[in-house]
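One structure is given here, and the rest of the page talks about it.
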Amino acid sequence: MKKNHKYVIILGDGMSDYADENGQTPLTLALKPAMDMLAAKAEVGLVQTIPCGMNPGSDTANLAVMGFNPQQYYSGRSPLEALAMGVTLSPHDVSYRLNLVTLSDEADYAQKTMLDYSAGEIATKDAAKLIELLRPHVPQQYELFAGVSYRHCMVKRNSCAPDLSETFTPPHDITGKKIADFLPQGEIRAFMEKSAEVLTSSANPTRANSAWIWGAGTKPALPDFKAAHGVKGAVISAVDLIKGIGTAAGLTVLNVEGATGTLHTNWDGKCAAALDALHAHDFVFIHIEAADECGHQGDKKGKIQAIELLDKKIVSPIYNALTQQDAPFSILLLPDHATPLSLKTHTCDPVPYILYHSNVPFTSGVSVYSEASAQKTGVLVKHGHTLINRLLGEKVDNS
């Protein structure tokens, strides 16, 4: 199927959800004619992107969607982000994600509450200034690297025997909760407490008043995507995690000006970049973060809007443009995981997918793309990392 064939993955991060009291989810409430049209003439089902026993992170889920078994290749979230930031890691380094967050104002650090894991979606230029303020206060052997918005990186160099046994909690999992039960120990905790002191005593006009450390891991080693699948690919995302997976897999990472990872991202720019990339590449992975951010914030209206914008600004124009070309094409549309509004965090539930092949006539019997309609088809891909083989027309044992 690969010769002259174009392949696109459109991933709406965290798009899946739980039904409300009326049996509705953001996917059923959103106006999304392009997704529903594709669902009617494509394979529709559920896919288990999070392997049993693993945390439902975007890291594990997106590794699976890109065809890498997380149980084999996952080495932590932050190292993937570090790669996207151009940070060089040795096998003896440990990389950590540093969020700039907003905590409540209790004097005792442990008694503070996590108010906002993104510090009000702090602007990148403002965040860079705060990282500079924190840099002199990191423990010995550590380095700080400024990233995008609230997402940054801290690296411990030359740890002869990296210890990853300590559990670090993602801040988006504890919104509205006291942080006492989720604090790390030792020098990491001491730095976090010092960061709160520095950020509250400085001339800091932002909502960021502490660093939060999590996502520890070591240098990843992913197979080369082209060598594994025989197609040249590109990745488009505003998020360093996704860019890092692409970098580690030898994919071309395309940066789009104005891509933010929120509702206010450069939708048109991402679509244009994807279509342009398909002239030089066989495969493009388009990652859209907005629905996940709204899910973490419990913003139902925003999540519905994110799905509608994904349909209007990405799915519809890409399908229409590819239809007008002579080459056959395939589109895989799905979330990486669910981010239910009621929980404001990720879950391990299987997620609904659409797999469309322009050269393979198919009738699914599905009229609306949703969690419920996908479940009714009875199709369940048990191992998420094998779904890409269905997209690329490769045989796989999914038993």
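Following the order of the structure tokens, chains are lettered A, B, ..., residues in each are numbered from 1, and ligands are numbered from 1.
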Practice problem: Find the residues around A:Val315 up to 12 Å (only C-alpha atoms counted), leave out those fewer than 2 positions away in its own chain, and share them as a VMD selection string. | Solution: chain A and resid 8 to 12 32 to 39 267 to 268 270 to 272 274 to 275 286 to 288 307 to 313 317 to 322 331 to 334 354 356
Could you build a table of the residues in stretch 3-82 of chain A lying no more than 12 Å from stretch 169-173 of chain A, giving for each the nearest pair of atoms and their separation in Å rounded to one decimal place, using only C-alpha atoms, ordered by chain and ascending residue number, as CSV?
residue,atom,partner,partner_atom,distance
A:Asn55,CA,A:Pro170,CA,10.7
A:Pro56,CA,A:Asp173,CA,10.9
A:Gly57,CA,A:Pro170,CA,9.2
A:Ser58,CA,A:Pro170,CA,11.3
A:Arg77,CA,A:Pro170,CA,10.6
A:Ser78,CA,A:Pro170,CA,11.4
Go ahead and save the residues from that selection, with all heavy atoms, as a PDB file, in the first residue's frame.
ATOM      1  N   ASN A  55       1.090   4.253  33.700  1.00  0.00           N
ATOM      2  CA  ASN A  55       0.372   5.492  33.959  1.00  0.00           C
ATOM      3  C   ASN A  55      -0.175   6.076  32.654  1.00  0.00           C
ATOM      4  O   ASN A  55       0.496   6.003  31.618  1.00  0.00           O
ATOM      5  CB  ASN A  55       1.288   6.512  34.624  1.00  0.00           C
ATOM      6  CG  ASN A  55       1.632   6.134  36.049  1.00  0.00           C
ATOM      7  OD1 ASN A  55       0.829   5.515  36.743  1.00  0.00           O
ATOM      8  ND2 ASN A  55       2.825   6.482  36.493  1.00  0.00           N
ATOM      9  N   PRO A  56      -1.381   6.651  32.698  1.00  0.00           N
ATOM     10  CA  PRO A  56      -2.001   7.169  31.470  1.00  0.00           C
ATOM     11  C   PRO A  56      -1.471   8.533  31.072  1.00  0.00           C
ATOM     12  O   PRO A  56      -2.202   9.529  31.027  1.00  0.00           O
ATOM     13  CB  PRO A  56      -3.486   7.231  31.847  1.00  0.00           C
ATOM     14  CG  PRO A  56      -3.477   7.483  33.320  1.00  0.00           C
ATOM     15  CD  PRO A  56      -2.298   6.732  33.858  1.00  0.00           C
ATOM     16  N   GLY A  57      -0.200   8.601  30.761  1.00  0.00           N
ATOM     17  CA  GLY A  57       0.400   9.865  30.359  1.00  0.00           C
ATOM     18  C   GLY A  57       0.360  10.059  28.860  1.00  0.00           C
ATOM     19  O   GLY A  57       0.239   9.102  28.091  1.00  0.00           O
ATOM     20  N   SER A  58       0.491  11.316  28.434  1.00  0.00           N
ATOM     21  CA  SER A  58       0.584  11.596  27.001  1.00  0.00           C
ATOM     22  C   SER A  58       1.855  10.993  26.418  1.00  0.00           C
ATOM     23  O   SER A  58       1.913  10.703  25.214  1.00  0.00           O
ATOM     24  CB  SER A  58       0.577  13.111  26.759  1.00  0.00           C
ATOM     25  OG  SER A  58      -0.691  13.652  27.030  1.00  0.00           O
ATOM     26  N   ARG A  77       9.205  10.820  30.708  1.00  0.00           N
ATOM     27  CA  ARG A  77       8.642  11.882  29.870  1.00  0.00           C
ATOM     28  C   ARG A  77       9.654  12.981  29.566  1.00  0.00           C
ATOM     29  O   ARG A  77       9.851  13.381  28.416  1.00  0.00           O
ATOM     30  CB  ARG A  77       7.419  12.495  30.567  1.00  0.00           C
ATOM     31  CG  ARG A  77       6.834  13.663  29.791  1.00  0.00           C
ATOM     32  CD  ARG A  77       5.620  14.240  30.484  1.00  0.00           C
ATOM     33  NE  ARG A  77       5.043  15.316  29.688  1.00  0.00           N
ATOM     34  CZ  ARG A  77       3.762  15.395  29.345  1.00  0.00           C
ATOM     35  NH1 ARG A  77       2.934  14.447  29.698  1.00  0.00           N
ATOM     36  NH2 ARG A  77       3.315  16.421  28.640  1.00  0.00           N
ATOM     37  N   SER A  78      10.291  13.484  30.595  1.00  0.00           N
ATOM     38  CA  SER A  78      11.157  14.640  30.414  1.00  0.00           C
ATOM     39  C   SER A  78      12.284  14.429  29.406  1.00  0.00           C
ATOM     40  O   SER A  78      12.602  15.351  28.646  1.00  0.00           O
ATOM     41  CB  SER A  78      11.742  15.089  31.749  1.00  0.00           C
ATOM     42  OG  SER A  78      12.548  16.231  31.583  1.00  0.00           O
TER      43      SER A  78
END
Practice problem: Can you work out which one of A:Tyr109, A:Tyr142, A:Phe225, A:Tyr18 has the shortest atom-to-atom distance to A:Glu187, counting only C-alpha atoms? | Solution: A:Tyr142
Quiz item: Which residues, written as a PyMOL selection string, have at least one atom at most 7 Å from stretch 100-102 of chain A, with only C-alpha atoms counted and residues fewer than 4 positions away on the same chain left out?
Solution: chain A and resi 114-119+150+207-212
Please build the interface table for stretch 3-87 of chain A against stretch 231-245 of chain A with a cut-off of 10 Å, listing for each qualifying residue the nearest atom pair and the distance in Å to one decimal; count only C-alpha atoms, order rows by chain and increasing number, and write it as CSV.
residue,atom,partner,partner_atom,distance
A:Lys3,CA,A:Val231,CA,9.3
A:His5,CA,A:Val231,CA,9.5
A:Lys6,CA,A:Val231,CA,9.3
A:Tyr7,CA,A:Gly233,CA,9.0
A:Val8,CA,A:Gly233,CA,9.5
A:Ile9,CA,A:Val235,CA,9.6
A:Ile10,CA,A:Ile236,CA,9.9
A:Leu11,CA,A:Ser237,CA,9.9
A:Ser58,CA,A:Leu241,CA,8.2
A:Asp59,CA,A:Leu241,CA,6.9
A:Asn62,CA,A:Ile242,CA,7.4
A:Leu63,CA,A:Ile245,CA,7.1
A:Met66,CA,A:Ile245,CA,8.6
A:Phe68,CA,A:Ile245,CA,9.8
A:Arg77,CA,A:Leu241,CA,7.1
A:Ser78,CA,A:Leu241,CA,7.5
A:Pro79,CA,A:Gly244,CA,7.9
A:Leu80,CA,A:Gly244,CA,4.4
A:Glu81,CA,A:Leu241,CA,4.4
A:Ala82,CA,A:Gly244,CA,7.0
A:Leu83,CA,A:Gly244,CA,5.1
A:Ala84,CA,A:Gly244,CA,4.3
A:Met85,CA,A:Asp240,CA,6.9
A:Gly86,CA,A:Gly244,CA,9.1
Practice problem: Using backbone DSSP assignments, extract all strand (DSSP E) residues from stretch 211-389 of chain A; output them as number ranges by chain. | Solution: A: 211-217, 233-236, 252-254, 283-288, 329-334, 351-357, 380-381
Would you mind exporting N, CA and C atoms of the selected residues as a JSON list (two decimals), in the first residue's frame?
[["chain", "number", "residue", "atom", "x", "y", "z"],
["A", 211, "ALA", "N", 8.20, 26.33, 41.23],
["A", 211, "ALA", "CA", 8.51, 25.28, 40.27],
["A", 211, "ALA", "C", 7.94, 23.98, 40.80],
["A", 212, "TRP", "N", 7.52, 23.11, 39.88],
["A", 212, "TRP", "CA", 7.05, 21.77, 40.26],
["A", 212, "TRP", "C", 7.81, 20.76, 39.40],
["A", 213, "ILE", "N", 8.47, 19.81, 40.05],
["A", 213, "ILE", "CA", 9.35, 18.87, 39.36],
["A", 213, "ILE", "C", 8.66, 17.51, 39.24],
["A", 214, "TRP", "N", 8.72, 16.93, 38.01],
["A", 214, "TRP", "CA", 8.11, 15.62, 37.77],
["A", 214, "TRP", "C", 8.66, 15.04, 36.47],
["A", 215, "GLY", "N", 8.13, 13.88, 36.05],
["A", 215, "GLY", "CA", 8.46, 13.32, 34.74],
["A", 215, "GLY", "C", 9.88, 12.83, 34.58],
["A", 216, "ALA", "N", 10.51, 12.35, 35.66],
["A", 216, "ALA", "CA", 11.92, 11.96, 35.61],
["A", 216, "ALA", "C", 12.15, 10.79, 34.66],
["A", 217, "GLY", "N", 13.31, 10.80, 34.00],
["A", 217, "GLY", "CA", 13.65, 9.69, 33.12],
["A", 217, "GLY", "C", 15.05, 9.82, 32.56],
["A", 233, "GLY", "N", 8.75, 10.45, 7.35],
["A", 233, "GLY", "CA", 7.69, 11.11, 8.08],
["A", 233, "GLY", "C", 8.08, 12.42, 8.73],
["A", 234, "ALA", "N", 7.04, 13.18, 9.11],
["A", 234, "ALA", "CA", 7.21, 14.46, 9.78],
["A", 234, "ALA", "C", 6.22, 14.58, 10.92],
["A", 235, "VAL", "N", 6.56, 15.41, 11.90],
["A", 235, "VAL", "CA", 5.73, 15.64, 13.09],
["A", 235, "VAL", "C", 5.46, 17.13, 13.22],
["A", 236, "ILE", "N", 4.19, 17.47, 13.50],
["A", 236, "ILE", "CA", 3.80, 18.85, 13.73],
["A", 236, "ILE", "C", 3.10, 18.93, 15.08],
["A", 252, "THR", "N", 11.11, 14.19, 10.77],
["A", 252, "THR", "CA", 11.33, 15.63, 10.62],
["A", 252, "THR", "C", 10.37, 16.37, 11.53],
["A", 253, "VAL", "N", 10.90, 17.23, 12.39],
["A", 253, "VAL", "CA", 10.08, 18.01, 13.31],
["A", 253, "VAL", "C", 9.87, 19.40, 12.72],
["A", 254, "LEU", "N", 8.62, 19.74, 12.45],
["A", 254, "LEU", "CA", 8.28, 21.01, 11.83],
["A", 254, "LEU", "C", 7.71, 21.97, 12.87],
["A", 283, "PHE", "N", 4.39, 10.48, 5.31],
["A", 283, "PHE", "CA", 3.63, 10.35, 6.56],
["A", 283, "PHE", "C", 3.76, 11.63, 7.37],
["A", 284, "VAL", "N", 2.62, 12.10, 7.90],
["A", 284, "VAL", "CA", 2.64, 13.28, 8.77],
["A", 284, "VAL", "C", 1.79, 13.00, 10.01],
["A", 285, "PHE", "N", 2.34, 13.33, 11.15],
["A", 285, "PHE", "CA", 1.65, 13.20, 12.44],
["A", 285, "PHE", "C", 1.33, 14.61, 12.93],
["A", 286, "ILE", "N", 0.03, 14.93, 13.03],
["A", 286, "ILE", "CA", -0.41, 16.26, 13.47],
["A", 286, "ILE", "C", -1.00, 16.13, 14.87],
["A", 287, "HIS", "N", -0.37, 16.77, 15.82],
["A", 287, "HIS", "CA", -0.79, 16.70, 17.21],
["A", 287, "HIS", "C", -1.42, 18.03, 17.62],
["A", 288, "ILE", "N", -2.65, 17.96, 18.16],
["A", 288, "ILE", "CA", -3.39, 19.15, 18.60],
["A", 288, "ILE", "C", -3.70, 18.99, 20.09],
["A", 329, "PHE", "N", -4.69, 7.87, -0.19],
["A", 329, "PHE", "CA", -4.25, 8.35, 1.13],
["A", 329, "PHE", "C", -5.03, 7.64, 2.23],
["A", 330, "SER", "N", -4.46, 7.69, 3.42],
["A", 330, "SER", "CA", -5.10, 7.11, 4.60],
["A", 330, "SER", "C", -5.03, 8.12, 5.74],
["A", 331, "ILE", "N", -6.09, 8.17, 6.53],
["A", 331, "ILE", "CA", -6.15, 9.07, 7.68],
["A", 331, "ILE", "C", -6.52, 8.26, 8.92],
["A", 332, "LEU", "N", -5.73, 8.40, 9.97],
["A", 332, "LEU", "CA", -6.05, 7.84, 11.28],
["A", 332, "LEU", "C", -6.33, 9.01, 12.20],
["A", 333, "LEU", "N", -7.54, 9.04, 12.75],
["A", 333, "LEU", "CA", -7.97, 10.12, 13.65],
["A", 333, "LEU", "C", -8.30, 9.52, 15.00],
["A", 334, "LEU", "N", -7.75, 10.10, 16.07],
["A", 334, "LEU", "CA", -8.00, 9.57, 17.41],
["A", 334, "LEU", "C", -7.45, 10.50, 18.47],
["A", 351, "VAL", "N", -9.76, 4.41, 23.68],
["A", 351, "VAL", "CA", -10.27, 5.62, 23.03],
["A", 351, "VAL", "C", -10.78, 5.30, 21.62],
["A", 352, "PRO", "N", -11.73, 6.10, 21.11],
["A", 352, "PRO", "CA", -12.30, 5.83, 19.79],
["A", 352, "PRO", "C", -11.38, 6.29, 18.66],
["A", 353, "TYR", "N", -11.30, 5.49, 17.61],
["A", 353, "TYR", "CA", -10.48, 5.88, 16.47],
["A", 353, "TYR", "C", -11.26, 5.72, 15.17],
["A", 354, "ILE", "N", -10.84, 6.48, 14.17],
["A", 354, "ILE", "CA", -11.32, 6.36, 12.79],
["A", 354, "ILE", "C", -10.12, 6.03, 11.92],
["A", 355, "LEU", "N", -10.22, 4.99, 11.10],
["A", 355, "LEU", "CA", -9.15, 4.64, 10.17],
["A", 355, "LEU", "C", -9.73, 4.58, 8.76],
["A", 356, "TYR", "N", -9.39, 5.59, 7.97],
["A", 356, "TYR", "CA", -9.95, 5.75, 6.62],
["A", 356, "TYR", "C", -8.89, 5.50, 5.56],
["A", 357, "HIS", "N", -9.22, 4.65, 4.58],
["A", 357, "HIS", "CA", -8.37, 4.42, 3.41],
["A", 357, "HIS", "C", -9.14, 4.86, 2.17],
["A", 380, "LEU", "N", -11.92, -3.73, 18.95],
["A", 380, "LEU", "CA", -11.00, -3.28, 19.99],
["A", 380, "LEU", "C", -9.58, -3.69, 19.62],
["A", 381, "VAL", "N", -8.74, -2.70, 19.41],
["A", 381, "VAL", "CA", -7.32, -2.96, 19.19],
["A", 381, "VAL", "C", -6.66, -2.97, 20.57]]
Self-check item: Shell around A:Ala127 at 12 Å using only C-alpha atoms, local window under 2 positions removed, as an MDAnalysis selection string
Solution: chainID A and resid 98:101 118:125 129:134 145:152 199 204:211
Practice problem: For A:Thr218, work out the shell of residues within 10 Å, counting only C-alpha atoms and skipping chain neighbours fewer than 4 positions away, then give it as a PyMOL selection string. | Solution: chain A and resi 74-80+89-96+155+162-164
Quiz item: Could you pull out all residues of stretch 106-350 of chain A with a DSSP call of helix (DSSP H, G or I) and give them as a count of residues only?
Solution: 98
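For the atom pair formed by atom CA of A:Thr339 and atom CA of A:Gly23, the distance is 16.7 Å, given to one decimal.
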Quiz item: What is the distance, in Å and to one decimal place, between atom CA of A:Thr200 and atom CA of A:Gly298?
Solution: 27.3 Å
Sorted by chain and rising residue number, which residues of stretch 242-291 of chain A lie within 7 Å of stretch 301-306 of chain A, and what are their closest atom pairs and distances in Å to one decimal, counting only C-alpha atoms, as a tab-separated table?
residue	atom	partner	partner_atom	distance
A:Leu263	CA	A:Ala306	CA	6.1
A:Ala290	CA	A:Ala306	CA	5.8
A:Ala291	CA	A:Lys303	CA	4.8
File dump, residues just selected, N, CA, C and O atoms, as a PDB file, in the first residue's frame:
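Just written: selection.pdb:
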ATOM      1  N   LEU A 263      -6.311  26.529  22.843  1.00  0.00           N
ATOM      2  CA  LEU A 263      -7.368  26.857  21.886  1.00  0.00           C
ATOM      3  C   LEU A 263      -6.929  27.931  20.898  1.00  0.00           C
ATOM      4  O   LEU A 263      -7.426  28.003  19.780  1.00  0.00           O
ATOM      5  N   ALA A 290      -5.221  21.194  22.322  1.00  0.00           N
ATOM      6  CA  ALA A 290      -6.206  22.065  22.957  1.00  0.00           C
ATOM      7  C   ALA A 290      -7.251  21.336  23.814  1.00  0.00           C
ATOM      8  O   ALA A 290      -7.568  21.768  24.920  1.00  0.00           O
ATOM      9  N   ALA A 291      -7.816  20.239  23.316  1.00  0.00           N
ATOM     10  CA  ALA A 291      -8.874  19.548  24.069  1.00  0.00           C
ATOM     11  C   ALA A 291      -8.357  19.019  25.403  1.00  0.00           C
ATOM     12  O   ALA A 291      -9.087  19.013  26.403  1.00  0.00           O
TER      13      ALA A 291
END
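Counting only C-alpha atoms and comparing A:Lys382, A:His137, A:Arg97, A:Lys219, the residue that lies closest to A:Val47 is A:Lys382.
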